[in-house]
Structures are given as structure tokens and as C-alpha cells.
There are 2 protein chains.
Amino acid sequence: MIIMDNIRKIEARIKALRALMLKNRIDAYLITGTDPHLSEYTPDEWKTREWISGFTGSYGKVLVTSDKVLLWTDTRYFIQATEELDGTGIILMKERIPGAVSMEEWIISNMKAGNTVVTDGLTISAADADNITSKLAAKGITFNPDTDLVGEIWEDRPASHNSMLYEHPIRFAGKSRPEKIGLVRKALLSNKSEATVISLLDEIAWIFNLRGEEILYTPLFKAYGYINQDSVWLFVDSGRLTAADLGKLQKDGIKVQPYDSFLSFLCRITDKKILIDPVRTHSSAINHISTSNKLEYAVSVITQIKAVKDQAEIKRIKSAHLKDGVAMVCALHHILETKGKQKLTEVEVGQIFHKYRSKQPLFMGDSFHPIVGFGSHGAIVHYHANEQTDRSIEGNNLLLIDSGGQYLDGTTDITRTIAYGAPTKKQKTDFSTCLKGHIALAKAIFPAGTKGYSLDPLSRKPLWDKGINYGHGTGHGIGYFLSVHEGPMSIRTEFNNEPIREGHLISNEPGIYRDGEYGVRIENVILCKKHSSTYFGQYLCFETISFCPIDRKLITKGLLSDEEIKWVNDYHGKVLSKIGPLISDKSVLKWLVKQCAPL
Amino acid sequence: MIIMDNIRKIEARIKALRALMLKNRIDAYLITGTDPHLSEYTPDEWKTREWISGFTGSYGKVLVTSDKVLLWTDTRYFIQATEELDGTGIILMKERIPGAVSMEEWIISNMKAGNTVVTDGLTISAADADNITSKLAAKGITFNPDTDLVGEIWEDRPASHNSMLYEHPIRFAGKSRPEKIGLVRKALLSNKSEATVISLLDEIAWIFNLRGEEILYTPLFKAYGYINQDSVWLFVDSGRLTAADLGKLQKDGIKVQPYDSFLSFLCRITDKKILIDPVRTHSSAINHISTSNKLEYAVSVITQIKAVKDQAEIKRIKSAHLKDGVAMVCALHHILETKGKQKLTEVEVGQIFHKYRSKQPLFMGDSFHPIVGFGSHGAIVHYHANEQTDRSIEGNNLLLIDSGGQYLDGTTDITRTIAYGAPTKKQKTDFSTCLKGHIALAKAIFPAGTKGYSLDPLSRKPLWDKGINYGHGTGHGIGYFLSVHEGPMSIRTEFNNEPIREGHLISNEPGIYRDGEYGVRIENVILCKKHSSTYFGQYLCFETISFCPIDRKLITKGLLSDEEIKWVNDYHGKVLSKIGPLISDKSVLKWLVKQCAPL
């Protein structure tokens with residue numbers, strides 16, 4: 001009944017949107033599903049993709065034409081989208097598979113010259129808008145990122161939740177606002193610019209050492225910023241700051257202006273050389289800057305500086321990962337000990353991990369919705385157990401748990417796949433193969449300047465050797481008490497021109513997924529550091545900073561090389577020596593010792 | 001004396017060019033060094049880079065300003081360029097190193113708004129011209145690819161050498177002209193185009209099944225082509241064809257027009273959808289096409305079709321590689337047998353390889369200038385021994401020989417590094433490490449759709465593990481009795497969006513170079529083929545089709561894994577079983593048996 005209701009609601013919304021499209025002579029309307037800060041996790045009032053389609057994944061875009069609704073998403077969400085779109089008539093368009101038809105290709109094949117495609121310019125990056133515009137122009141189709149139709153028809157749109165902001169204390173943040181601003185100004189000058197527009201929320205939170213509570217899993221807050229060589233503006237409603245915090249900002253020379261005044265502020269800037277990151281700035285912002293300014297398109301210097309963690313940050317981040325390791329060990333022990341005594345569901349397992357994390361000092365919340373997938377649910381890469389899908393953990397199968405925490409001293413992200421009951425030979429082979437991929441990246445040594453796409457195949461090689469692959473990236477950047485996914489670098493198959501630099505914090509998470517059977521993923525956080533300086537130049541490597549046992553029951557020792565066995569044993573030795581002393585419960589410690597025994 | 005003369009000549013040419021620049025109000029003149037077909041090996045009359053600078057490498061560009069001359073080239077040529085530019089005052093600008101300053105960056109930093117940079121539009125691709133134009137426009141500097149100044153001042157410019165053309169007989173070519181044209185027309189339609197302009201010489205030679213003799217090492221001839229859905233034009237002077245060949249072309253519906261009429265022909269095309277490969281078509285061609293036509297920018301379908309060798313081609317190519325293997329074995333035996341009896345120089349070693357190749361049936365010439373580097377010369381990646389540099393092979397060191405042949409049934413490219421005398425431990429370690437990289441690519445298994453940049457790191461990993469790297473690509477495409485370097489795919493660090501496909505013929509050539517000491521490179525040709533079809537999709541692999549022993553004296557067995565040892569033994573087993581029966585000289589066969597003994 002609930003599902004039928006949802007389908008009727010979606011149908012009514014699509015109908016209302018089509019009526020407005022007809023009135024405005026719009027042939028297709030694009031809903032990107034992001035917000036004016038191009039956020040991965042948007043506040044509820046910006047969940048336009050979910051509102052129009054019912055699809056709750058973190059990535060996807062919806063195109064509504066007069067007779068079709070299509071949703072594009074990637075391999076992570078194929079199973080989830082198929083289920084969530086069931087009955088809505090919305091067509092799932094699969095990305096990142098052989099023969100995939102992109103949205104632009106679909107439009108070119110299915111729409112006519114003279115047609116118009118429209119979206120809300122606040123919800124699309126300038127780069128994406130330019131790209132769509134030029135592709136569609138080849139067929140004489142116009143793309144206008146200038147009209148918000150959803151705002152006109154979304155009747156029960158949630159109100160904006162504006163929490164009070166708080167300082168990320170300097171003892172955690174490491175650098176003061178003036179220090180960070182100084183670094184940004186210097187970087188702007190060396191990029192032939194004077195000023196920059198800031199619209200990514202993690203950039204704002206980082207540079208202003210402020211945090212908020214309005215966005216799930218990420219301590220961000222809605223704001224814009226602008227930095228030039230003389231002044232700094234923060235566009236956030238001043239009522240969200242305590243008088244004390246407002247005073248400190250002003251003392252640091254930061255001008256606080258209302259959030260809504262940002263676009264009109266941009267209109268008034270003249271004769272500046274402004275660095276704009278077209279991937280990280282919405283199309284409307286750029287359209288509000290007058291042509292008297294010179295725009296320098298480049299990767300955001302703030303994103304680049306923020307991604308390179310300094311020694312003070314690294315020290316704190318390592319400490320957060322130790323606490324997280326304690327929580328992981330306690331939660332895994334709890335779950336495995338409960339077997340045969342109490343039946344747990346996937347949702348309950350997620351709650352157990354949350355419970356143990358929340359016992360740790362400086363814990364502020366989960367860093368993303370925990371992914372707890374038992375058996376076939378583990379094959380759904382970004383599975384979210386909910387009332388409808390929740391499953392009891394019983395019988396023999398693999399349990400995949402991908403979770404993380406936000407601490408004042410760091411953000412964590414870790415995946416463990418454990419054998420619940422006796423694993424099959426195939427499960428052990430898959431797990432061991434995935435582990436070989438994980439170890440290959442963990443042990444990688446590479447010349448400075450290497451891009452993530454040159455490291456990604458090292459993880460995949462042991463899988464490719466067996467005709468196996470995974471449809472997601474191997475690694476993403478991780479923020480410092482910020483977003484669990486951050487740029488500019490990545491370790492994935494796709495081209496990304498940003499090198500992996502010393503101080504980058506990245507996930508290492510190869511996986512193997514068998515639809516309808518189970519999923520395997522092993523994820524630790526790795527820190528890029530200096531390896532050596534040789535005749536051929538500077539070499540870098542990684543240090544693994546997540547500490548939690550990797551399930552020995554799932555490792556087929558004969559599939560690992562001597563070097564790989566040594567890596568596992570060394571890693572478990574470190575887990576025991578670092579996490580053991582932090583465990584007070586003797587039965588947990590006893591369990592940990594067993595888990596960390598050499599292979 | 002000769003060198004001083006050359007320097008004076010270069011100075012005079014630069015002076016004459018600057019006078020003409022002043023007259024034409026040109027602030028900088030770019031000499032790309034290529035020809036109207038963007039050839040790697042240009043005929044003598046197009047060797048403008050060598051004429052202005054004395055630099056003889058196959059890649060580089062020269063910028064002449066009122067007070068500076070700069071030459072950009074890549075890592076392969078740093079040592080050679082340093083030597084050849086010595087005394088000319090020309091500044092070497094190194095590409096592909098950390099901190100490299102590109103030509104565009106140099107111009108932006110050193111020239112002023114309002115300045116004009118000019119080149120000959122016949123000698124720059126449309127893509128390069130667009131790229132330079134937009135980068136310089138950011139500083140208000142104009143780039144005009146519309147003026148040839150070199151033509152006005154090159155007094156003793158060599159005459160164009162127009163050889164008679166000959167057919168590549170259908171028993172070697174495999175497909176007839178109409179068959180190839182049919183494939184191209186079909187590919188054009190599926191690329192939303194009707195027609196295409198052909199200016200790459202290997203595309204023309206392939207599609208028309210014709211070959212010429214005017215370009216060193218490559219059986220190409222100067223011509224243009226144009227294909228639409230109804231007709232085909234070949235722009236070549238008809239006097240270069242025998243009456244019989246001309247008749248056959250006409251019978252195949254091909255209109256033969258004078259070479260010089262190509263640009264005016266382009267001007268007359270109207271209302272067509274033309275596929276243009278901006279990377280493979282010069283800027284002038286595009287500027288001659290009227291705006292009534294619609295240009296579809298894409299990778300040349302001819303280059304794509306040509307790169308995928310069909311079964312008939314593969315059969316012949318494998319046969320050519322066997323003959324080449326025989327020549328290699330005889331030449332290596334000759335050189336090693338001569339040791340202690342007769343002193344050889346690098347030039348003589350090149351001649352020995354040529355001699356044995358020329359004894360093979362269907363041999364037409366070397367496929368490139370042989371690279372024979374003894375000791376420190378081996379570290380110069382594209383070293384060409386000449387009168388000035390030629391060195392005797394004596395004492396103990398490594399001898400690197402990179403050579404190849406043009407046969408009517410295939411083009412070969414192979415590198416062997418051999419120990420001349422007793423190798424050092426370091427030489428053996430480097431050789432074994434390089435061999436590990438070679439084997440990693442030879443044994444690679446990867447999903448269909450994988451790009452070359454994802455395979456390149458597999459070769460580098462064993463080197464990276466020891467803090468070693470090489471500054472060139474791991475693999476390039478190879479033509480079929482055509483260019484020894486062909487696109488569209490490559491296996492290198494740089495982004496290249498073309499996947500490695502079944503039927504692609506590629507080199508596998510990692511190397512290790514120690515300036516002033518020696519160089520190591522091991523190169524075979526590999527053919528991409530189906531590996532398996534799994535739950536995760538289609539998987540591809542490579543088959544090595546070059547057969548010649550890899551010097552066992554240089555292999556430290558302990559550095560190889562069991563799998564790598566097995567690969568070497570299997571490979572040597574195949575060399576012996578395939579090449580052995582083709583060797584008539586008993587002492588050579590005896591030597592080969594020894595070289596192919598299991599490790």
C-alpha cells in the first residue's frame with residue numbers, strides 16, 4: 001500500500017512538471033539531484049531526484065520529456081534503482097557499461113533540432129553545463145541551465161534546516177583561518193589569479209574552521225565564500241553564529257554577509273582575475289560574474305591544499321583511526337559472539353557499529369549511511385538496508401559492512417567482509433583475490449607525479465587474472481572531519497589529471513560482487529608518503545592507517561604469495577599492537593589476539 | 001670544421017627567418033618539423049626542424065623569437081639534442097619531466113599581449129592549432145597557423161622525390177580497395193557522417209593498397225584522399241602510376257586528381273557531413289572546407305579499422321615475424337661470434353642486421369633507422385650512430401639493438417640488449433627487472449574496453465618497486481607493411497581514450513637507462529586476442545609474435561618468480577621450435593639451442 005501511494009505521488013509530480021514544461025515550451029527538463037553546492041549528500045529540501053523518481057541513491061540524474069522519464073545512474077546502483085523505480089514507468093539508463101547510452105546521446109537520438117532542454121543552473125556545474133550545451137548544439141538542440149521548475153511545484157518541500165554553527169577548535173583544525181587564507185592567496189597568485197569563488201561546502205568548512213549540523217553524515221553548512229588578495233567574505237546568515245564566533249570571524253578580517261546575497265555580490269565584482277573551478281562551481285554563479293573580470297579556469301586551489309594533510313592533521317587523523325579500530329573490533333566481536341544466541345538484522349548490525357563508535361571520544365556521528373549487506377545484499381555496492389529490505393543475518397554467508405565515523409579529529413571509512421558461518425571455497429577464493437588487489441595498492445611504490453589512474457590497475461590485476469572486475473573506483477580522497485569523499489585526486493580507471501601527492505588520504509577498496517550471491521570488499525584508508533629518492537627521482541608509497549582484523553577464515557593462504565602473506569601478518573601484528581592496548585574487555589581482547597594470529 | 005660550418009649555416013638561417021618575421025610583423029615563428037601529412041618520418045624537403053636547428057630527432061618543435069630560439073623535445077632525445085644543439089645557442093626545453101615548461105606556457109610567460117605567433121598551417125594538426133590558439137588567447141596573444149616563412153628562405157631546399165607507386169598485391173593486402181572503402185563508408189554512417197578527408201599517408205596507402213618509395217623506412221607516398229558515400233578521390237600525380245595501375249584504380253571507381261588540387265577541391269565541397277579527425281588533419285585543410293558543410297570531429301575511422309588486423313593479415317604478419325626472427329638470430333650470432341676476432345662499430349652492427357634481413361623473402365627495407373647503442377650510447381633512447389658518434393664495440397658492456405624490417409607481408413620492430421663480455425651484477429639486476437616488466441605486459445589479462453593507460457603500469461610496477469622508471473611509452477601500434485608507429489591506441493602513461501582491441505598489434509618495450517653507463521630495453525611485438533568470457537564479461541590477452549632469444553647471460557634467475565621463469569622457458573621453447581627449423585647454418589642452430597635452454 002505504501003509503495004502504491006509512492007508511485008501515485010511520483011506520477012502526480014511528473015504530471016505537474018510536464019504541465020509546467022508545456023507552459024514554458026520546454027521539451028525536456030533535467031533534474032541533476034544535487035544542490036547549489038554540488039553536494040554528494042544534499043539537505044532534504046534539495047533531494048529533487050528522490051522527489052521526482054523515488055530513487056534514493058547518491059548519484060543519478062533524471063530527464064523528463066513529454067512522454068518519457070529516464071534515470072541515469074552507475075553500476076553501484078543498478079540493483080537498487082531497478083527495485084526503487086519498479087512500477088513508476090521510469091526507465092533506468094545504465095552508465096559505465098559497454099554500449100552505455102549517455103544522456104546527451106539519448107537526447108541527440110530521440111529529440112529534434114529546435115528542441116529545448118532546461119535545468120536549474122544552481123544544480124549543475126559550469127563544466128557539465130558547457131559540455132551538455134556543446135554536445136546538444138551539434139544537433140541544434142538548445143540547453144538552458146536557467147530555470148527552476150521543481151521549486152514551483154514541490155508543494156510539501158522540506159524547510160531549510162539551518163543549525164547553529166560551531167568552530168572546529170584550533171587544537172583539531174591545526175591551522176588558523178588567517179594561515180589557511182594566506183596559503184590560498186599565495187596559490188591564487190601562482191595560478192595567475194587574484195581571487196576565487198568558493199561554493200563547495202567542504203572548502204568553506206575547512207577554510208573558515210567552522211562546522212554545521214544540517215547535512216546528514218557530514219558536518220557542513222550551507223554557505224558561499226569569496227577570497228581576494230585584500231578581503232574575505234563568508235555568505236552565511238549571521239544568526240547562525242554565536243556572537244563570540246561572529247566576533248572571532250570579524251577579528252580575522254572576514255566579512256559575514258547573508259547567504260542569499262551571494263549571487264548579487266558576484267554581479268558587483270569588476271576587473272578581477274578570478275580563479276574558477278568549473279567542475280566545482282555551479283553554472284549560475286559564473287553567469288552572474290560580469291565580463292569585466294577575467295576568469296582563470298583551473299582546479300580549485302582550496303580543494304588542492306585541503307587534500308594535502310599536514311603533519312598536525314595526520315597525527316590527529318591517525319588517532320581517530322585508532323579509536324575507530326577499537327569500535328570496529330568491539331562491533332565485529334559483538335556480532336560474531338551473538339551468532340546462535342540472538343538473531344540480528346542488517347539494520348541492527350549498522351546500529352551496533354554506530355553504538356561502539358559513539359562510545360569513542362570526540363565522535364560526532366556516522367560519516368555515511370552504513371552499508372550492511374548480508375549474502376546477496378552484499379552484491380549491491382551501495383546497499384542501504386531499510387524497513388522493506390532488511391534481512392536477518394542467519395545461515396552461512398558473507399556479511400559486508402562498510403561504515404565510518406566523523407570525529408572532531410578525523411573522518412573514517414572502512415569495510416570488512418566477514419564469514420558468517422562456514423564460507424564456501426568460491427567465497428574464500430574471491431575474498432583472497434580481492435585481498436591480493438588490496439595488498440597490491442597498499443604496497444605500491446610509484447614515482448612522484450603518478451596519477452591515480454596509473455595506480456588503479458595494480459589493484460585490479462589479480463582480479464583480471466581470474467576474469468574478475470569491479471564497477472567502481474578503487475580509491476577516493478577522504479576529508480578531515482569533513483566529507484568522506486573529497487577531491488581532487490582519485491584512484492579509478494577514469495582519467496583524472498591530479499597526481500597522488502604526499503599527504504593525500506585515500507581509500508583502498510577493491511571488491512568482487514556476484515549478483516544474487518554475495519559481495520566482497522576490503523577497505524582501509526591509506527596515507528601517501530615519501531618512499532625514497534633514487535637515481536630516477538622521488539618515489540612515493542602508502543601507509544595503511546585503518547586498523548581492524550581482516551577475516552582469516554576467508555583467506556586461502558595458498559592463493560597468496562610469500563610477500564602477500566607477510567603483508568597480512570605484518571598488518572595483523574600492527575592491529576594487535578595498536579588496538580590491543582586500547583581494548584579493556586578481556587573476551588574482546590582474546591578474540592582480537594586470535595584474529596591477528598599469523599597465517 | 002664541419003660542425004663549425006653547420007653552426008654558421010644555422011645562424012644564417014635564423015637570421016634570415018628573423019628578417020622575414022620583422023617584415024611580416026611576426027613576433028614568434030613556430031617550426032613543428034612535420035609535413036602536410038603530419039608524418040613522423042618526413043621527406044627531406046619537409047625537414048624544417050633539422051634545417052633550422054641541426055637537431056635530427058624524430059620529435060621536437062622550434063620556436064624562433066626576435067632574440068631566442070628554443071627547441072622542445074621529450075626524454076628520448078635529451079642527450080642527443082644537447083649534443084646536436086651544442087654551439088648553436090638554441091635552448092633545449094625538456095618535455096615530460098617534473099616542472100617542464102610547455103611552449104604555450106613559455107610564450108605566455110615571455111611574450112606580451114598583442115604579440116603574434118605564426119606557423120605554416122600545413123604543418124600543424126587542427127587540434128594542436130586550436131589548443132595553442134585558445135591557450136595564447138588567454139593572454140591576448142594571437143596564433144595564426146597561416147603563413148609559411150621557411151619556404152621563402154630555404155634556398156637549397158631538396159626537390160620533392162616522387163617515386164613510381166606500386167600495388168600492395170591483394171595476396172598480401174588481404175582486402176581489396178572496394179572492400180576497404182565499403183568498411184569505411186559503413187563506419188562513417190555509424191559516426192553520423194557521410195564523408196571523410198584523408199591526409200595521413202599510412203591511411204592512404206592502406207585504403208588504396210598502394211605503396212611508394214619516397215619516404216625513408218616507410219613505404220608511403222605523398223597523397224591526399226576523400227571518400228563520400230558515392231565516390232572516392234585520390235590526390236596523387238597520375239604520372240606516378242603505371243597505366244595498368246591507373247586503370248585498375250579507375251575500374252574500382254577511384255578518381256585520380258593532381259596532388260596540388262586537394263585544397264581547392266576541399267573548397268568546392270558543399271552541404272556534406274564530414275568526419276574530421278582534428279589530430280590527424282592539418283589546420284589548413286579544415287580552413288579550406290566551407291561552412292555549408294557540417295564537420296563531425298572524431299577519431300579517424302580509417303585509422304581505427306586499419307589498426308584491427310584481420311585473420312588474413314595476422315597470418316601474413318606472423319610469417320614476416322618468423323623471417324625477422326631468423327635474421328635476428330643470424331645477426332646476433334654473427335656479432336657474438338666475431339667478438340675477439342674482428343672489431344665492429346655500432347654502424348657496422350646496424351649493417352649486419354640489415355644484411356641478414358635483406359636475405360629474407362619479401363624484404364623491402366628497414367622499418368626505421370636501427371638504434372645500435374653500446375655502453376653509454378644505449379642510454380640514449382633514440383640514439384643514431386653516425387660518423388661523429390660511432391663507437392667500437394669493445395670491452396665489457398651492454399649492446400642495445402632496436403631494429404625492424406619492412407616486408408611485403410608485415411612490419412617488424414624488435415629490441416634486444418645483449419651482454420658483450422661479462423655483465424656486472426647491476427646490469428643483470430636491471431635487465432632482469434626490465435624483463436619482469438616485459439613479462440607482466442606479455443601475460444596481461446584484462447577486460448574488453450581497457451585503455452592502454454591502464455596496462456602501462458603493469459609493466460612499470462616491477463621497476464617502480466626498485467625506484468626505477470623509463471621516460472617513454474611501453475607500447476605503440478604497428479602497421480602492416482606501413483608505419484612502424486601507428487595509432488589510434490597506445491600503451492603509455494598518458495591518457496588515450498582508445499581501448500586496446502582484439503587484432504591490435506602493439507610493441508611491448510619497457511627499458512631502463514642509466515646516463516653515461518648503459519641502456520636496457522627488451523621489445524617484442526604482441527597481438528591482442530580473446531582470452532575468455534567470464535561472469536564479469538569478455539577478457540582479452542596478448543600473444544607475443546616476435547621470436548628471438550632474450551640474453552640468458554643477463555638474467556638473474558633469483559629475481560624472477562616461478563611464473564616469470566616459466567614464461568621465459570616457454571618463450572625460448574617457442575623460439576627454438578619456430579625459428580630452429582628455418583636456420584640452415586649448423587653453428588647458428590647450435591648457438592640458438594644454447595640460447596633457448598631452460599633457465
# chains A, B, ... in the order shown; residues from 1 in each chain; ligands from 1
call {"tool": "interface_residues", "arguments": {"of": "chain B", "to": "chain A", "cutoff": "9 Å", "atoms": "only C-alpha atoms", "output": "ChimeraX atom specification"}}
result
/B:98,138,294,296,444-451,453-458,460-461,464-470,493,495,497,514,531-539
call {"tool": "select_by_dssp", "arguments": {"residues": "segment 29-173 of chain B", "states": "strand (DSSP E)", "output": "list in words"}}
result
Tyr29, Leu30, Ile31, Lys61, Val62, Leu63, Val64, Thr65, Val69, Leu70, Leu71, Trp72, Thr73, Ile91, Leu92, Met93, Lys94, Thr116, Val117, Val118, Thr142, Phe143, Asn144, Tyr166 and Glu167 of chain B
call {"tool": "write_last_selection", "arguments": {"atoms": "N, CA, C and O atoms", "output": "compact mmCIF listing (two decimals), in the first residue's frame"}}
result
# COMPACT_ATOMS: atom_id res chain seq x y z
N TYR B 29 57.93 32.62 -34.54
CA TYR B 29 57.59 31.71 -35.62
C TYR B 29 57.83 30.28 -35.13
O TYR B 29 58.89 29.96 -34.58
N LEU B 30 56.82 29.45 -35.31
CA LEU B 30 56.88 28.07 -34.84
C LEU B 30 57.20 27.13 -36.00
O LEU B 30 56.53 27.17 -37.03
N ILE B 31 58.20 26.28 -35.81
CA ILE B 31 58.50 25.24 -36.80
C ILE B 31 58.24 23.90 -36.14
O ILE B 31 58.95 23.50 -35.20
N LYS B 61 59.89 20.61 -31.55
CA LYS B 61 59.38 21.80 -32.23
C LYS B 61 60.26 22.98 -31.84
O LYS B 61 60.79 23.04 -30.73
N VAL B 62 60.40 23.90 -32.79
CA VAL B 62 61.33 25.01 -32.61
C VAL B 62 60.52 26.31 -32.64
O VAL B 62 59.68 26.51 -33.50
N LEU B 63 60.79 27.18 -31.68
CA LEU B 63 60.17 28.50 -31.65
C LEU B 63 61.27 29.54 -31.80
O LEU B 63 62.24 29.54 -31.05
N VAL B 64 61.09 30.40 -32.79
CA VAL B 64 62.08 31.45 -33.03
C VAL B 64 61.44 32.79 -32.68
O VAL B 64 60.38 33.14 -33.21
N THR B 65 62.04 33.51 -31.74
CA THR B 65 61.57 34.86 -31.43
C THR B 65 62.66 35.84 -31.89
O THR B 65 63.67 35.42 -32.46
N VAL B 69 65.99 31.26 -29.66
CA VAL B 69 65.49 30.09 -30.39
C VAL B 69 65.42 28.96 -29.37
O VAL B 69 66.39 28.70 -28.64
N LEU B 70 64.25 28.32 -29.29
CA LEU B 70 64.04 27.26 -28.30
C LEU B 70 63.58 26.00 -29.00
O LEU B 70 62.81 26.07 -29.97
N LEU B 71 64.05 24.86 -28.52
CA LEU B 71 63.61 23.58 -29.08
C LEU B 71 63.03 22.71 -27.97
O LEU B 71 63.72 22.45 -26.97
N TRP B 72 61.75 22.32 -28.14
CA TRP B 72 61.12 21.41 -27.17
C TRP B 72 61.22 19.99 -27.71
O TRP B 72 60.88 19.73 -28.87
N THR B 73 61.69 19.06 -26.87
CA THR B 73 61.63 17.65 -27.25
C THR B 73 61.47 16.83 -25.97
O THR B 73 61.49 17.38 -24.87
N ILE B 91 68.12 26.94 -27.26
CA ILE B 91 67.85 26.49 -25.89
C ILE B 91 67.01 25.22 -25.93
O ILE B 91 65.97 25.18 -26.58
N LEU B 92 67.49 24.17 -25.24
CA LEU B 92 66.73 22.91 -25.16
C LEU B 92 65.68 23.01 -24.06
O LEU B 92 66.01 23.29 -22.90
N MET B 93 64.42 22.80 -24.40
CA MET B 93 63.33 22.82 -23.43
C MET B 93 62.84 21.38 -23.27
O MET B 93 62.35 20.77 -24.23
N LYS B 94 62.99 20.85 -22.05
CA LYS B 94 62.70 19.43 -21.84
C LYS B 94 61.21 19.21 -21.54
O LYS B 94 60.66 19.84 -20.65
N THR B 116 52.09 38.26 -31.85
CA THR B 116 51.58 37.29 -32.81
C THR B 116 52.58 36.14 -33.00
O THR B 116 53.76 36.39 -33.23
N VAL B 117 52.06 34.92 -32.88
CA VAL B 117 52.86 33.72 -33.14
C VAL B 117 52.29 33.08 -34.40
O VAL B 117 51.07 32.97 -34.54
N VAL B 118 53.16 32.69 -35.31
CA VAL B 118 52.71 32.22 -36.62
C VAL B 118 53.36 30.87 -36.92
O VAL B 118 54.46 30.58 -36.46
N THR B 142 48.00 36.33 -30.26
CA THR B 142 47.33 35.72 -31.41
C THR B 142 48.17 34.60 -31.98
O THR B 142 49.40 34.75 -32.10
N PHE B 143 47.53 33.49 -32.34
CA PHE B 143 48.23 32.40 -33.01
C PHE B 143 47.62 32.25 -34.40
O PHE B 143 46.44 31.99 -34.55
N ASN B 144 48.43 32.44 -35.43
CA ASN B 144 47.96 32.32 -36.81
C ASN B 144 48.67 31.18 -37.54
O ASN B 144 49.82 31.32 -37.94
N TYR B 166 53.54 1.46 -56.47
CA TYR B 166 53.27 0.06 -56.85
C TYR B 166 52.15 -0.47 -55.98
O TYR B 166 51.90 0.02 -54.88
N GLU B 167 51.47 -1.46 -56.51
CA GLU B 167 50.37 -2.06 -55.75
C GLU B 167 50.90 -2.95 -54.64
O GLU B 167 51.90 -3.66 -54.82
call {"tool": "select_by_dssp", "arguments": {"residues": "segment 236-276 of chain B", "states": "alpha helix (DSSP H)", "output": "PyMOL selection string"}}
result
chain B and resi 243-251+262-268
call {"tool": "write_last_selection", "arguments": {"atoms": "C-alpha atoms", "output": "JSON list (two decimals), in the first residue's frame"}}
result
[["chain", "number", "residue", "atom", "x", "y", "z"],
["B", 243, "ALA", "CA", 48.85, 2.88, -66.95],
["B", 244, "ALA", "CA", 47.83, -0.56, -65.70],
["B", 245, "ASP", "CA", 47.61, 0.54, -62.06],
["B", 246, "LEU", "CA", 45.79, 3.72, -63.04],
["B", 247, "GLY", "CA", 43.31, 1.63, -65.00],
["B", 248, "LYS", "CA", 42.71, -0.65, -62.01],
["B", 249, "LEU", "CA", 42.08, 2.34, -59.76],
["B", 250, "GLN", "CA", 39.60, 3.77, -62.24],
["B", 251, "LYS", "CA", 37.93, 0.34, -62.53],
["B", 262, "PHE", "CA", 43.48, 18.93, -53.00],
["B", 263, "LEU", "CA", 42.92, 22.20, -51.13],
["B", 264, "SER", "CA", 40.93, 23.75, -54.00],
["B", 265, "PHE", "CA", 38.87, 20.53, -54.18],
["B", 266, "LEU", "CA", 38.05, 20.91, -50.47],
["B", 267, "CYS", "CA", 36.86, 24.47, -51.13],
["B", 268, "ARG", "CA", 34.25, 23.18, -53.57]]
call {"tool": "residues_around", "arguments": {"residues": "Thr338 of chain A", "least_positions_apart": "2", "cutoff": "12 Å", "atoms": "only C-alpha atoms", "output": "JSON, numbers by chain"}}
result
{"A": [331, 332, 333, 334, 335, 336, 340, 341, 342, 343, 344, 345, 348, 349, 352, 393, 394, 420]}
call {"tool": "residues_around", "arguments": {"residues": "Phe547 of chain B", "least_positions_apart": "3", "cutoff": "12 Å", "atoms": "only C-alpha atoms", "output": "number ranges by chain"}}
result
B: 318-329, 412-416, 523-526, 543-544, 550, 568, 570-580, 582, 592, 596
